[in-house]
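First comes the structure, then the notes that go with it.
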Amino acid sequence: MAEVKEAGKKPNDGSGYVFAKDLEAVKGLPDPYRFLDGTYVETPKDWERRVRELNGMYQYYMYGVWRDGTGEDLTYESDGSQVKITVAREGRSASFTVTLFLPDANKCEMPEGGFPVIVGMHGRIQEQTAADNGYAAIIMNTYEIASDDNKHTGAFYQIYPYGKDWREQTGVLLAWAWGASKVLDALEKGLGAELNINPKNSIVTGVSRWGKAAAVCGAFETRFKMAAPSCSGAGGLALYRYMSEGKTYDFTTKGASGAYTYGQNEPLGSLQAPGEQGWFNDMFLNFSDVAYLPVEQYMLASMCAARDRYLFIIGSCISEDWVNAPSMYLCYKAAASVYKFLGLEDNIAVNIHKEGHAVIEEDMRYMIDYFNCHVYGKKPASTLSDLKTSVFEEAGNRDPLFDEFGADWHH
């Protein structure tokens, strides 16, 4: 985990960060370039330090502690269709299984080093489309890794029991991300060579709560070359501070209603209720007003920004009121401004499809084209410029805030 210290416990070597429990409300959308000490990011090199700071802030205030594998011993057993992964640490051990979907090497051209791989937080992520296009898919059973509740049971918590101190707390989203990280460990340890998979060219994806986990995984597990969170909503890549409920949009160019009015978006209180609070740490439960959150989710998205890494955000126009697609699009725009500052404009993409709380085939085909173009240098079949905009930019849909949100940011 990043070295973080609470307010009043001043770091003595300059490498830690002081995080306050008593926070002031932030007017508007917080400046991603402002360090905790009040200074600002001036250069792309400065951003590396800001990412380390954000890493610690998200661990302390929201998701809990990221376990980076220190002290772990991992083994695996594969029968060609499933893999049992076992992790041992300090006298504790636990196992979970993943399911394999492999391309037909006789029908698909295998790149040097092996096939790229998509790690799915769950199934039904268009595995067959991926395999037909030369991408392996490894599907996790996240319930084996961490129970989807506030009981903190499962393989992860057998190794890292949930405690009362924040340093002993990891929320379920980050626990699932740890599971995806262990898949990479197994691939790097020899499974990749056995299956003709290249773990260096890996994508993590998931939908809804697993979309939140995929977003968190992309921010914390930098070995994934791309994160592709779908319909992730609040706690994922929808902004806490931007609501679309009650707003009406014209989706005729998507083949949907010309006057679609959004219903309720997922509020902060829902994330803190018993059914969802387990996704986060205890500190997050103390926030009753989003204005006091010291971070906003374009900061999480921007933690993925690196020369050889990519972020592919997926959303849906209709029947997705709860997960707040317009807010996820604003998250994309805000993060894209950071990517531009870093000279990485082409390393972030967005696809807002018509409908489907899912990774639909349209998303997968765009995702593969985008990855093939940027990682393998292949000419894309689709128009990748489509992945820099959305239906929310069209006349009548476009919020003036899209032009104004970063006006007072320092960059």
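Every chain in the structure tokens takes a letter, A first, then B, and so on in the order presented; its residues are numbered from 1, and the ligands are numbered from 1 following the presented order.
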What's around range 277-283 of chain A at 8 Å? Count only C-alpha atoms, leave out sequence neighbours fewer than 2 positions away in its own chain, and write the answer as a list of chain:residue names. A:Tyr60, A:Tyr61, A:Met62, A:Tyr63, A:Gly64, A:Asp148, A:Asp149, A:Asn150, A:Lys151, A:His152, A:Trp166, A:Gln169, A:Thr170, A:Gly171, A:Val172, A:Leu173, A:Leu174, A:Leu271, A:Gln272, A:Ala273, A:Pro274, A:Gly275, A:Leu285, A:Asn286, A:Phe287
Spatial neighbours of Arg223 in chain A, max dist 9 Å, only C-alpha atoms, sep filter under 5 positions, as JSON, numbers by chain: {"A": [181, 184, 199, 200, 201, 202, 218, 309]}
Store the residues picked out above in a file with N, CA, C and O atoms, as a PDB file, in the first residue's frame.
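again_6.pdb, written as the output of this step:
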```pdb
ATOM      1  N   SER A 181      -5.625  -9.228  -9.930  1.00  0.00           N
ATOM      2  CA  SER A 181      -4.176  -9.131  -9.844  1.00  0.00           C
ATOM      3  C   SER A 181      -3.532 -10.506  -9.690  1.00  0.00           C
ATOM      4  O   SER A 181      -2.468 -10.790 -10.258  1.00  0.00           O
ATOM      5  N   LEU A 184      -3.109 -12.276 -12.945  1.00  0.00           N
ATOM      6  CA  LEU A 184      -1.877 -11.864 -13.625  1.00  0.00           C
ATOM      7  C   LEU A 184      -0.664 -12.555 -13.014  1.00  0.00           C
ATOM      8  O   LEU A 184       0.256 -12.973 -13.731  1.00  0.00           O
ATOM      9  N   PRO A 199       0.554 -12.087 -20.560  1.00  0.00           N
ATOM     10  CA  PRO A 199      -0.042 -11.276 -19.484  1.00  0.00           C
ATOM     11  C   PRO A 199       0.293  -9.793 -19.584  1.00  0.00           C
ATOM     12  O   PRO A 199      -0.377  -8.974 -18.951  1.00  0.00           O
ATOM     13  N   LYS A 200       1.296  -9.440 -20.381  1.00  0.00           N
ATOM     14  CA  LYS A 200       1.635  -8.024 -20.534  1.00  0.00           C
ATOM     15  C   LYS A 200       0.571  -7.280 -21.330  1.00  0.00           C
ATOM     16  O   LYS A 200       0.436  -6.057 -21.187  1.00  0.00           O
ATOM     17  N   ASN A 201      -0.164  -8.010 -22.167  1.00  0.00           N
ATOM     18  CA  ASN A 201      -1.218  -7.394 -22.970  1.00  0.00           C
ATOM     19  C   ASN A 201      -2.574  -7.830 -22.425  1.00  0.00           C
ATOM     20  O   ASN A 201      -3.272  -8.668 -23.001  1.00  0.00           O
ATOM     21  N   SER A 202      -2.929  -7.248 -21.296  1.00  0.00           N
ATOM     22  CA  SER A 202      -4.109  -7.678 -20.547  1.00  0.00           C
ATOM     23  C   SER A 202      -5.110  -6.544 -20.372  1.00  0.00           C
ATOM     24  O   SER A 202      -4.739  -5.373 -20.265  1.00  0.00           O
ATOM     25  N   GLY A 218      -8.036  -0.942 -12.452  1.00  0.00           N
ATOM     26  CA  GLY A 218      -7.212  -0.212 -13.408  1.00  0.00           C
ATOM     27  C   GLY A 218      -6.360   0.846 -12.748  1.00  0.00           C
ATOM     28  O   GLY A 218      -5.218   1.106 -13.160  1.00  0.00           O
ATOM     29  N   ARG A 309      -0.477   2.526 -21.097  1.00  0.00           N
ATOM     30  CA  ARG A 309      -1.703   2.024 -20.515  1.00  0.00           C
ATOM     31  C   ARG A 309      -2.906   2.775 -21.096  1.00  0.00           C
ATOM     32  O   ARG A 309      -2.770   3.901 -21.585  1.00  0.00           O
TER      33      ARG A 309
END
```
List every residue of range 85-237 of chain A that DSSP, applied to the backbone, labels as strand (DSSP E), and write the result as a ChimeraX atom specification. /A:85-89,92-101,115-120,136-140,197-207,226-230
Please list as number ranges by chain every residue within 8 Å of range 391-393 of chain A, counting only C-alpha atoms and excluding residues in the same chain fewer than 5 positions away. A: 249, 251, 253-254, 326, 329, 352, 398-399
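If you look at CA of Asn141 in chain A and CA of Gly179 in chain A, they are 9.2 Å away from each other.
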If you count only C-alpha atoms, the residue of A:Thr99, A:Ser316, A:Asn198, A:Ser257 closest to Ser232 in chain A turns out to be A:Ser316
Once DSSP has gone over the backbone, tell me which residues of range 160-379 of chain A are in helix (DSSP H, G or I), as an NGL selection string. :A and (166-168 or 172-195 or 209-220 or 252-254 or 268-272 or 277-279 or 283-286 or 290-292 or 297-302 or 325-341 or 345-347 or 361-376)
Which residues come within 10 Å of Glu221 in chain A, counting only C-alpha atoms, excluding same-chain residues fewer than 6 positions away, as a count of residues only? 12
Extract, using only C-alpha atoms, all DNA, RNA and protein residues at most 12 Å from Gly80 in chain A, discarding same-chain residues fewer than 5 positions from it, and format them as JSON, numbers by chain. {"A": [98, 99, 100, 101, 102, 138, 191, 192, 194, 195, 196]}
Since we have the selection now, will you write its residues out, keeping C-alpha atoms, as an mmCIF file, in the first residue's frame?
```cif
data_model
loop_
_atom_site.group_PDB
_atom_site.id
_atom_site.type_symbol
_atom_site.label_atom_id
_atom_site.label_comp_id
_atom_site.auth_asym_id
_atom_site.auth_seq_id
_atom_site.Cartn_x
_atom_site.Cartn_y
_atom_site.Cartn_z
ATOM 1 C CA VAL A 98 -11.317 -18.929 -12.702
ATOM 2 C CA THR A 99 -12.701 -20.234 -15.999
ATOM 3 C CA LEU A 100 -10.790 -20.161 -19.295
ATOM 4 C CA PHE A 101 -12.007 -19.241 -22.795
ATOM 5 C CA LEU A 102 -9.149 -19.648 -25.273
ATOM 6 C CA ILE A 138 -10.377 -15.525 -18.025
ATOM 7 C CA LEU A 191 0.220 -20.258 -16.680
ATOM 8 C CA GLY A 192 0.569 -17.774 -19.524
ATOM 9 C CA GLU A 194 1.142 -22.988 -20.792
ATOM 10 C CA LEU A 195 -1.913 -21.349 -22.388
ATOM 11 C CA ASN A 196 -0.145 -19.173 -25.001
#
```
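Using only C-alpha atoms, the smallest distance between any of A:Arg50, A:Lys21, A:Arg167, A:Lys189 and Asp73 in chain A comes from A:Lys189.
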Pick out the closest residue to Tyr33 in chain A from this set: A:Val216, A:Leu401, A:Ala325, A:Leu342. Count only C-alpha atoms. A:Leu342
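Taking only C-alpha atoms, the non-local environment of Tyr242 in chain A within 12 Å (same-chain residues fewer than 5 positions away omitted) comprises Gly28, Leu29, Gly233, Ala234, Leu237, Lys247, Asn265, Glu266, Pro267, Leu268, Val290, Ala291, Glu296, Gln297, Tyr298, Val323, Asn324, Ala325, Pro326, Ser327, Met328, Tyr329, Leu330, Cys331, Asp399, Leu401, Phe402 and Phe405 of chain A.
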For Ala88 in chain A, which residue among A:Cys317, A:Ala155, A:Val65, A:Val207 is the nearest when counting only C-alpha atoms?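 Closest to Ala88 in chain A of all the choices is A:Ala155.
With distances restricted to only C-alpha atoms, A:Val295 is the closest residue to Asp31 in chain A from A:Lys388, A:His374, A:Val295, A:Ser382.
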Quick one: residues within 12 Å of Glu355 in chain A, only C-alpha atoms counted, chain neighbours fewer than 4 positions away excluded, as a count of residues only? 22
Find the residue from A:Ala137, A:Met299, A:Ile203, A:Trp322 that sits nearest to Ser244 in chain A; use only C-alpha atoms when measuring.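 For Ser244 in chain A, the nearest of the candidates is A:Trp322.
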